[in-house]
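Asks: What follows is the file upload_22.txt, containing compact mmCIF, C-alpha atoms:
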# COMPACT_ATOMS: atom_id res chain seq x y z
CA GLU Q 29 15.21 -0.28 58.11
CA LEU Q 30 16.18 3.25 59.13
CA LEU Q 31 12.66 4.61 58.58
CA SER Q 32 10.21 5.00 61.42
CA PRO Q 33 6.78 3.28 61.12
CA GLU Q 34 5.20 6.64 60.22
CA GLU Q 35 7.81 7.30 57.53
CA LYS Q 36 7.30 3.82 56.10
CA HIS Q 37 3.55 4.36 55.86
CA TYR Q 38 4.07 7.79 54.32
CA ALA Q 39 6.48 6.41 51.70
CA HIS Q 40 4.21 3.46 50.97
CA TYR Q 41 1.05 5.45 50.28
CA LEU Q 42 2.90 8.06 48.25
CA SER Q 43 4.42 5.28 46.17
CA ARG Q 44 0.98 3.77 45.61
CA ALA Q 45 -0.40 7.14 44.55
CA CYS Q 46 2.46 7.53 42.07
CA TRP Q 47 1.95 4.03 40.73
CA TYR Q 48 -1.75 4.45 40.08
CA GLY Q 49 -1.10 7.86 38.57
CA GLY Q 50 1.44 6.30 36.25
CA LEU Q 51 -1.30 4.17 34.70
CA VAL Q 52 -2.71 7.37 33.21
CA VAL Q 53 0.43 7.58 31.06
CA LEU Q 54 -0.66 4.44 29.19
CA LEU Q 55 -3.82 6.26 28.15
CA GLN Q 56 -1.77 9.33 27.22
CA THR Q 57 0.61 7.41 24.93
CA SER Q 58 -1.25 5.36 22.31
CA PRO Q 59 -4.60 3.59 21.82
CA GLU Q 60 -3.00 0.16 22.17
CA SER Q 61 -0.68 0.86 25.13
CA PRO Q 62 -3.20 0.07 27.92
CA THR Q 63 -4.18 -3.27 26.36
CA ILE Q 64 -0.57 -4.31 25.73
CA TYR Q 65 0.25 -3.46 29.33
CA VAL Q 66 -2.69 -5.49 30.69
CA LEU Q 67 -1.89 -8.46 28.43
CA LEU Q 68 1.75 -8.65 29.51
CA SER Q 69 0.99 -7.95 33.16
CA ARG Q 70 -1.57 -10.75 33.28
CA ILE Q 71 0.99 -13.16 31.83
CA PHE Q 72 3.86 -12.33 34.17
CA ARG Q 73 1.80 -11.80 37.32
CA THR Q 74 0.27 -15.24 36.88
CA GLN Q 75 3.42 -17.14 36.02
CA ASP Q 76 7.09 -16.84 36.96
CA PRO Q 77 9.20 -15.81 33.94
CA SER Q 78 11.49 -18.84 34.39
CA GLN Q 79 8.48 -21.16 34.28
CA LEU Q 80 7.15 -19.45 31.17
CA GLN Q 81 10.57 -19.83 29.55
CA GLU Q 82 10.32 -23.60 29.94
CA VAL Q 83 6.93 -23.46 28.26
CA ALA Q 84 8.44 -21.38 25.45
CA ARG Q 85 11.23 -23.92 24.96
CA SER Q 86 8.62 -26.67 24.57
CA LEU Q 87 7.15 -24.59 21.73
CA SER Q 88 10.55 -24.50 19.94
CA ILE Q 89 11.06 -20.86 20.85
CA THR Q 90 14.73 -20.13 21.42
CA ASP Q 91 16.11 -18.50 24.55
CA GLU Q 92 17.09 -15.49 22.45
CA GLU Q 93 13.52 -15.11 21.23
CA TYR Q 94 12.16 -15.44 24.75
CA GLN Q 95 14.69 -12.85 25.92
CA ALA Q 96 13.29 -10.52 23.25
CA LEU Q 97 9.86 -10.87 24.89
CA LEU Q 98 11.35 -9.95 28.28
CA VAL Q 99 13.13 -6.94 26.77
CA TYR Q 100 9.89 -5.74 25.14
CA THR Q 101 7.91 -6.21 28.35
CA ALA Q 102 10.50 -4.31 30.40
CA ALA Q 103 10.44 -1.51 27.81
CA ILE Q 104 6.63 -1.28 28.07
CA TYR Q 105 6.90 -0.95 31.85
CA ALA Q 106 9.78 1.55 31.70
CA ASN Q 107 8.09 3.81 29.12
CA MET Q 108 4.50 3.10 30.24
CA GLY Q 109 3.56 2.51 26.65
CA ASN Q 110 4.94 1.30 23.32
CA TYR Q 111 6.56 4.61 22.35
CA LYS Q 112 9.79 5.88 23.85
CA SER Q 113 9.24 8.44 26.59
CA PHE Q 114 12.15 10.43 25.12
CA GLY Q 115 12.22 10.43 21.34
CA ASP Q 116 8.56 9.53 20.77
CA THR Q 117 9.41 6.64 18.42
CA LYS Q 118 7.60 3.32 18.48
CA PHE Q 119 9.24 0.05 19.48
CA VAL Q 120 7.90 -3.41 18.58
CA PRO Q 121 8.73 -6.93 19.79
CA SER Q 122 11.70 -8.63 18.16
CA LEU Q 123 9.89 -11.91 18.74
CA PRO Q 124 7.81 -12.78 15.62
CA LYS Q 125 4.08 -12.28 16.10
CA ALA Q 126 3.22 -15.95 15.49
CA LYS Q 127 5.65 -17.06 18.18
CA LEU Q 128 4.45 -14.47 20.68
CA LYS Q 129 0.90 -15.70 20.11
CA LYS Q 130 2.05 -19.24 20.88
CA VAL Q 131 3.53 -18.06 24.18
CA VAL Q 132 0.36 -16.16 25.08
CA TRP Q 133 -1.86 -19.17 24.28
CA ALA Q 134 0.36 -21.51 26.33
CA SER Q 135 0.66 -19.19 29.32
CA GLN Q 136 -1.00 -19.92 32.64
CA ALA Q 137 -2.93 -16.66 32.35
CA PHE Q 138 -4.49 -17.83 29.09
CA LEU Q 139 -5.31 -21.27 30.47
CA GLN Q 140 -7.12 -19.64 33.40
CA ASN Q 141 -9.02 -17.02 31.38
CA PRO Q 142 -8.89 -17.95 27.67
CA GLU Q 143 -11.70 -15.69 26.47
CA GLU Q 144 -10.35 -12.61 28.25
CA MET Q 145 -6.76 -13.19 27.13
CA GLU Q 146 -7.81 -13.84 23.54
CA ALA Q 147 -9.84 -10.62 23.56
CA LEU Q 148 -6.82 -8.69 24.86
CA TRP Q 149 -4.61 -10.19 22.15
CA GLU Q 150 -7.09 -9.49 19.36
CA SER Q 151 -7.43 -5.92 20.57
CA CYS Q 152 -3.73 -5.05 20.42
CA GLU Q 153 -1.76 -7.52 18.28
CA LYS Q 154 -2.08 -5.58 15.02
CA LEU Q 155 -1.03 -2.20 16.39
CA MET Q 156 1.59 -3.80 18.63
CA TYR Q 157 3.55 -4.89 15.55
CA SER Q 158 2.50 -2.23 13.05
CA LEU Q 159 5.22 -0.06 11.56
CA GLU Q 160 3.02 1.87 9.16
CA PRO Q 161 4.57 5.29 8.46
CA LEU Q 162 2.02 7.23 10.55
CA GLN Q 163 2.35 4.78 13.44
CA LYS Q 164 6.11 4.93 13.83
CA HIS Q 165 6.11 8.02 16.04
CA LEU Q 166 3.88 10.36 18.01
CA GLY Q 167 2.27 13.29 16.24
CA LEU Q 168 -0.92 15.00 15.14
CA ASN Q 169 -3.21 14.14 12.21
CA GLY Q 170 -1.17 13.18 9.17
CA GLU Q 171 2.07 13.12 11.12
CA GLY Q 172 1.77 10.38 13.74
CA VAL Q 173 -0.20 9.02 16.71
CA SER Q 174 -1.46 10.93 19.73
CA THR Q 175 -4.06 10.21 22.39
CA TYR Q 176 -3.90 13.79 23.67
CA PHE Q 177 -5.98 14.60 20.57
CA SER Q 178 -8.60 12.82 18.51
CA ALA Q 179 -7.17 11.40 15.28
CA ASN Q 180 -8.73 14.19 13.18
CA CYS Q 181 -7.01 17.03 15.07
CA SER Q 182 -4.34 18.99 13.22
CA MET Q 183 -1.80 21.51 14.44
CA GLU Q 184 -4.26 24.26 13.53
CA ASP Q 185 -6.86 22.68 15.81
CA ALA Q 186 -4.33 22.54 18.61
CA LYS Q 187 -3.47 26.21 18.11
CA LEU Q 188 -7.14 27.23 18.09
CA ALA Q 189 -7.83 25.27 21.28
CA GLN Q 190 -4.83 26.88 22.97
CA LYS Q 191 -6.15 30.34 22.07
CA LEU Q 192 -9.51 29.47 23.62
CA LEU Q 193 -7.93 28.06 26.78
CA ASP Q 194 -5.67 31.10 27.14
CA SER Q 195 -8.63 33.44 26.71
CA GLN Q 196 -10.43 31.69 29.58
CA ASN Q 197 -7.32 31.32 31.76
CA ILE Q 198 -7.57 27.53 31.62
CA SER Q 199 -4.36 25.51 31.66
CA ALA Q 200 -3.96 22.82 29.00
CA TYR Q 201 -1.66 20.75 31.20
CA ASN Q 202 -4.29 18.25 32.37
CA THR Q 203 -6.50 18.22 29.26
CA ARG Q 204 -7.11 16.32 26.04
CA LEU Q 205 -8.84 17.63 22.89
CA PHE Q 206 -11.47 15.84 20.79
CA LYS Q 207 -12.91 17.26 17.57
CA THR Q 208 -16.23 16.50 15.86
CA GLU Q 209 -17.62 17.91 12.62
CA THR Q 210 -21.37 17.73 11.98
CA GLY Q 211 -23.33 19.54 9.29
CA GLY Q 212 -20.46 21.86 8.50
CA LYS Q 213 -20.07 22.87 12.14
CA THR Q 214 -16.99 22.13 14.17
CA SER Q 215 -17.13 21.32 17.87
CA TYR Q 216 -14.35 20.58 20.33
CA GLU Q 217 -14.49 18.79 23.66
CA VAL Q 218 -11.76 19.68 26.13
CA ARG Q 219 -11.54 16.80 28.58
CA LEU Q 220 -10.23 17.86 31.96
CA ALA Q 221 -8.54 15.25 34.15
CA SER Q 222 -10.37 15.00 37.47
CA VAL Q 223 -12.13 12.61 39.80
CA LEU Q 224 -15.33 14.64 39.78
CA LEU Q 225 -17.71 14.14 36.89
CA ASP Q 226 -20.61 16.43 37.74
CA GLU Q 227 -20.91 20.07 38.77
CA PRO Q 228 -20.17 20.33 42.53
CA GLN Q 229 -19.59 23.43 44.58
CA LEU Q 230 -16.04 24.31 43.60
CA ASP Q 231 -13.59 26.65 45.23
CA GLU Q 232 -12.13 29.70 43.56
CA MET Q 233 -9.16 27.77 42.16
CA SER Q 234 -11.27 25.28 40.20
CA VAL Q 235 -12.11 25.27 36.53
CA LYS Q 236 -15.87 24.96 35.95
CA PRO Q 237 -16.91 23.01 32.84
CA LYS Q 238 -18.49 25.47 30.44
CA GLN Q 239 -19.43 25.86 26.80
CA PHE Q 240 -17.85 28.60 24.71
CA GLN Q 241 -18.40 29.96 21.22
CA PHE Q 242 -14.98 30.86 19.85
CA GLU Q 243 -14.01 31.83 16.31
CA GLY Q 244 -17.05 30.06 14.85
CA CYS Q 245 -16.57 26.84 16.79
CA THR Q 246 -18.16 25.39 19.91
CA PHE Q 247 -15.88 24.39 22.77
CA THR Q 248 -17.10 22.34 25.72
CA VAL Q 249 -14.87 21.88 28.76
CA ARG Q 250 -15.82 18.69 30.56
CA ARG Q 251 -14.35 17.15 33.70
CA GLY Q 252 -13.88 13.46 34.57
CA ASP Q 253 -11.05 12.32 32.27
CA TYR Q 254 -9.16 9.41 33.90
CA SER Q 255 -11.61 9.62 36.84
CA PRO Q 256 -11.39 5.97 38.09
CA ILE Q 257 -7.59 6.04 38.12
CA LEU Q 258 -7.36 9.47 39.73
CA GLN Q 259 -9.76 8.27 42.43
CA ARG Q 260 -7.13 5.68 43.45
CA VAL Q 261 -4.47 8.41 43.42
CA VAL Q 262 -6.56 10.59 45.72
CA GLU Q 263 -7.33 7.71 48.09
CA ASN Q 264 -3.64 7.02 48.61
CA LEU Q 265 -2.72 10.69 48.96
CA GLN Q 266 -5.35 10.96 51.68
CA LYS Q 267 -3.91 7.92 53.45
CA ALA Q 268 -0.42 9.44 53.20
CA GLN Q 269 -1.76 12.60 54.87
CA GLN Q 270 -2.30 10.60 58.04
CA HIS Q 271 1.43 9.96 58.30
CA THR Q 272 3.06 13.29 57.38
CA ALA Q 273 6.03 14.50 59.40
CA ARG Q 274 5.18 18.22 59.38
CA PRO Q 275 2.25 20.55 58.62
CA VAL Q 276 3.65 21.69 55.28
CA GLN Q 277 3.49 18.11 53.99
CA THR Q 278 -0.13 17.84 55.07
CA GLU Q 279 -0.93 21.11 53.31
CA MET Q 280 0.94 19.95 50.19
CA LEU Q 281 -1.05 16.74 49.95
CA GLU Q 282 -4.31 18.59 50.57
CA HIS Q 283 -3.61 20.80 47.56
CA TYR Q 284 -2.64 17.81 45.40
CA THR Q 285 -5.83 16.03 46.43
CA THR Q 286 -7.90 19.07 45.50
CA SER Q 287 -6.10 19.32 42.17
CA PHE Q 288 -6.82 15.73 41.19
CA LYS Q 289 -10.37 15.81 42.49
CA GLN Q 290 -11.41 19.02 40.76
CA GLY Q 291 -8.99 19.22 37.85
CA SER Q 292 -7.41 22.37 39.24
CA ILE Q 293 -3.92 23.32 38.04
CA PRO Q 294 -3.85 26.35 40.40
CA ALA Q 295 -4.36 23.95 43.32
CA HIS Q 296 -1.44 21.89 42.10
CA LYS Q 297 0.71 25.03 41.94
CA GLU Q 298 -0.17 25.73 45.58
CA GLY Q 299 0.91 22.20 46.42
CA SER Q 300 4.17 22.79 44.57
CA ARG Q 301 4.80 25.91 46.64
CA CYS Q 302 4.43 23.74 49.75
CA TRP Q 303 6.80 21.20 48.21
CA ILE Q 304 9.43 23.93 47.83
CA ARG Q 305 9.04 24.84 51.51
CA ASP Q 306 9.33 21.21 52.61
CA LYS Q 307 13.10 21.31 53.12
CA SER Q 308 15.15 18.08 53.36
CA PRO Q 309 12.28 15.61 53.91
CA ILE Q 310 13.11 12.04 54.87
CA VAL Q 311 10.74 10.89 52.10
CA GLU Q 312 10.79 13.04 48.96
CA SER Q 313 7.85 13.03 46.57
CA TYR Q 314 6.25 14.90 43.70
CA ILE Q 315 3.24 14.09 41.55
CA GLY Q 316 1.22 15.84 38.87
CA PHE Q 317 0.74 16.55 35.18
CA ILE Q 318 4.24 17.81 34.54
CA GLU Q 319 6.37 17.08 31.46
CA SER Q 320 4.86 17.99 28.09
CA TYR Q 321 7.35 16.23 25.81
CA ARG Q 322 4.87 13.70 24.42
CA ASP Q 323 2.24 16.27 23.46
CA PRO Q 324 2.87 17.13 19.79
CA TYR Q 325 1.80 20.70 20.57
CA GLY Q 326 3.83 20.85 23.78
CA SER Q 327 1.14 22.06 26.19
CA ARG Q 328 -0.27 18.92 27.82
CA GLY Q 329 1.57 17.27 30.68
CA GLU Q 330 2.24 13.62 31.28
CA LEU Q 331 1.18 12.45 34.73
CA GLU Q 332 4.38 11.77 36.62
CA GLY Q 333 5.07 10.84 40.20
CA THR Q 334 8.09 10.03 42.34
CA SER Q 335 8.48 8.77 45.88
CA VAL Q 336 12.10 8.36 46.90
CA LEU Q 337 14.47 8.38 49.82
CA PRO Q 338 17.01 11.16 49.02
CA CYS Q 339 19.98 9.24 50.39
CA GLY Q 340 22.17 9.19 47.30
CA ASN Q 341 22.26 9.48 43.54
CA LEU Q 342 20.83 6.06 42.72
CA ASP Q 343 19.68 5.45 39.19
CA PRO Q 344 16.28 3.71 39.52
CA VAL Q 345 16.94 1.61 36.42
CA HIS Q 346 20.29 0.44 37.80
CA SER Q 347 18.75 -0.25 41.20
CA CYS Q 348 16.32 -2.62 39.44
CA GLY Q 349 19.24 -4.54 38.00
CA LEU Q 350 18.47 -3.96 34.32
CA GLU Q 351 22.09 -3.26 33.50
CA GLY Q 352 22.97 -6.73 34.78
CA GLY Q 353 20.41 -8.49 32.60
CA ASN Q 354 17.94 -9.09 35.43
CA LEU Q 355 14.91 -8.62 33.19
CA GLU Q 356 13.01 -11.44 34.89
CA THR Q 357 12.78 -9.35 38.06
CA THR Q 358 11.43 -6.37 36.16
CA VAL Q 359 8.69 -8.17 34.25
CA LYS Q 360 7.72 -10.07 37.39
CA ASP Q 361 7.71 -7.00 39.63
CA PRO Q 362 7.16 -3.81 37.60
CA PHE Q 363 6.66 -1.85 40.84
CA CYS Q 364 10.45 -1.41 40.94
CA LEU Q 365 9.92 0.86 37.93
CA SER Q 366 7.10 2.90 39.45
CA PRO Q 367 6.57 5.99 37.26
Kindly return the structure encoded in the file as structure tokens.
Replies:
Amino acid sequence: ELLSPEEKHYAHYLSRACWYGGLVVLLQTSPESPTIYVLLSRIFRTQDPSQLQEVARSLSITDEEYQALLVYTAAIYANMGNYKSFGDTKFVPSLPKAKLKKVVWASQAFLQNPEEMEALWESCEKLMYSLEPLQKHLGLNGEGVSTYFSANCSMEDAKLAQKLLDSQNISAYNTRLFKTETGGKTSYEVRLASVLLDEPQLDEMSVKPKQFQFEGCTFTVRRGDYSPILQRVVENLQKAQQHTARPVQTEMLEHYTTSFKQGSIPAHKEGSRCWIRDKSPIVESYIGFIESYRDPYGSRGELEGTSVLPCGNLDPVHSCGLEGGNLETTVKDPFCLSP
């Protein structure tokens, strides 16, 4: 209520940019994370959790078992995937698979779109519950799961790719690495996160996709990773620009927009310099490929974003009411846990 109309619009569009950006994290976590997220979101966006609980009771599913489903769903939203954001270990539903399937099949979402919901379930149910040794935690080939790398990438591949990127002054922060072996020759594709897919006229801070021969291997740097999602991020950052309170905020968002459009880490650094100069803003925000904890090699950043009112030391989880057992609110409205 204390915000002006301009400040409300600014906070809203920044929050939307952060939310859409957070969806990238699902793709950065595990192969099954995006499908699990869509499955659960369809269920709880279509039907109130209290209504679904009554359906579950009619299927002889106990309240404790239904609570386990709410806990799992809230954990998926909070971690944006089925591996812990700190600790990198996998978590699975405490509700038995057969009973969860019953809930899915009886949900309003399934009744409205049975073929789509069944396809989502079939796509993720095995990996959702799997606790095979190599699927218990994040890691490279032979050690765990990672979507920053293709499944055949080892630590040696990661080291080789880093040497190539360093030699070309390319940051690994917004990249993924995919390895192919054909006829005894090894090739790597470095996928650069950006809206742009083709080869436009880029400014001096941009990384141009190129092909390199390096230590007997072929490396191709290609833009366009996460392009559809990043397009939504850019659209909302551009809308936020229309409601900035001072020129430095406008400049900051311009640099962030350039970074996401072109895949330019230097542009993001320029935006961060503006962020430092933006002293005591009414609406605080930050967005970009930042923390590298989930990358087994430690070079690739998870896309993170925040949009907050710096009016106290509120814990966002507490402000959502999770500590009071209000899981129904979280699974019904995951926007209160915007990444």
Asks: With distances taken over only C-alpha atoms, which residue among Q:Ser195, Q:Asn202, Q:Thr74, Q:Thr272 lies nearest Asn141 (chain Q)?
Replies: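 The shortest atom-to-atom distance to Asn141 (chain Q) comes from Q:Thr74.
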Asks: Give me the residues within 10 Å of Gln259 (chain Q) as a list of chain:residue names, counting all atoms listed in the file and dropping any in the same chain fewer than 6 places off.
Replies: Q:Ala45, Q:Tyr48, Q:Gly49, Q:Ser222, Q:Val223, Q:Leu224, Q:Leu265, Q:Thr285, Q:Phe288, Q:Lys289
Asks: Please provide as a list in words all residues within 8 Å of region 175-180 of chain Q, with the sequence filter that same-chain residues fewer than 4 positions apart are discarded (counting only C-alpha atoms).
Replies: Leu55, Gln56, Thr57, Ser58, Pro59, Leu168, Asn169, Thr203, Arg204, Leu205, Phe206, Lys207, Asp323 and Arg328 of chain Q
Asks: Which neighbours of Ala126 (chain Q) fall inside 12 Å, counting only C-alpha atoms, when residues of the same chain fewer than 2 positions from it are skipped, and could you give them as a PDB file with C-alpha atoms, keeping the file's coordinate frame?
Replies:
ATOM      1  CA  LEU Q  87       7.150 -24.590  21.730  1.00  0.00           C
ATOM      2  CA  ILE Q  89      11.060 -20.860  20.850  1.00  0.00           C
ATOM      3  CA  GLU Q  93      13.520 -15.110  21.230  1.00  0.00           C
ATOM      4  CA  PRO Q 121       8.730  -6.930  19.790  1.00  0.00           C
ATOM      5  CA  SER Q 122      11.700  -8.630  18.160  1.00  0.00           C
ATOM      6  CA  LEU Q 123       9.890 -11.910  18.740  1.00  0.00           C
ATOM      7  CA  PRO Q 124       7.810 -12.780  15.620  1.00  0.00           C
ATOM      8  CA  LEU Q 128       4.450 -14.470  20.680  1.00  0.00           C
ATOM      9  CA  LYS Q 129       0.900 -15.700  20.110  1.00  0.00           C
ATOM     10  CA  LYS Q 130       2.050 -19.240  20.880  1.00  0.00           C
ATOM     11  CA  VAL Q 131       3.530 -18.060  24.180  1.00  0.00           C
ATOM     12  CA  VAL Q 132       0.360 -16.160  25.080  1.00  0.00           C
ATOM     13  CA  TRP Q 133      -1.860 -19.170  24.280  1.00  0.00           C
ATOM     14  CA  TRP Q 149      -4.610 -10.190  22.150  1.00  0.00           C
ATOM     15  CA  GLU Q 153      -1.760  -7.520  18.280  1.00  0.00           C
ATOM     16  CA  LYS Q 154      -2.080  -5.580  15.020  1.00  0.00           C
ATOM     17  CA  TYR Q 157       3.550  -4.890  15.550  1.00  0.00           C
TER      18      TYR Q 157
END
Asks: Which one is closest to Thr334 (chain Q): Q:Pro33, Q:Ala39, Q:Arg305, Q:Gly167? Count only C-alpha atoms.
Replies: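 Checking each candidate against Thr334 (chain Q), we get Q:Ala39 as the closest.
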Asks: Need the shell around region 105-118 of chain Q: protein/DNA/RNA residues with any atom at most 7 Å away, counting only C-alpha atoms. Skip same-chain ones fewer than 4 positions apart. Format as a list in words?
Replies: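 Skipping anything fewer than 4 positions along the chain leaves Val53, Leu54, Thr57, Ser61, Thr101, Lys164, His165, Leu166, Arg322, Pro362 and Leu365 of chain Q.
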Asks: Using all atoms listed in the file, which of the listed residues (Q:Gly329, Q:Tyr216, Q:Phe138, Q:Tyr41) sits closest to Ala186 (chain Q)?
Replies: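 Smallest distance to Ala186 (chain Q) is found for Q:Tyr216.
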Asks: Interatomic distance between CA of Ile315 (chain Q) and CA of Ala200 (chain Q)?
Replies: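 The value is 16.9 Å.
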Asks: Calculated over only C-alpha atoms, which of the candidates Q:Glu34, Q:Arg251, Q:Pro161, Q:Thr246 has the smallest distance to Val173 (chain Q)?
Replies: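 Once distances to Val173 (chain Q) are computed over only C-alpha atoms, the minimum belongs to Q:Pro161.
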Asks: Looking at only C-alpha atoms, which of Q:Leu68, Q:Tyr100, Q:Glu150, Q:Ala84 is the one that sits closest to Ala137 (chain Q)?
Replies: Q:Leu68
Asks: Report, in Å to a single decimal, how far apart CA of Ala102 (chain Q) and CA of Lys125 (chain Q) are.
Replies: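 Value for the CA of Lys125 (chain Q)-CA of Ala102 (chain Q) distance: 17.6 Å.
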Asks: Interatomic distance between CA of His296 (chain Q) and CA of Leu42 (chain Q)?
Replies: 15.7 Å
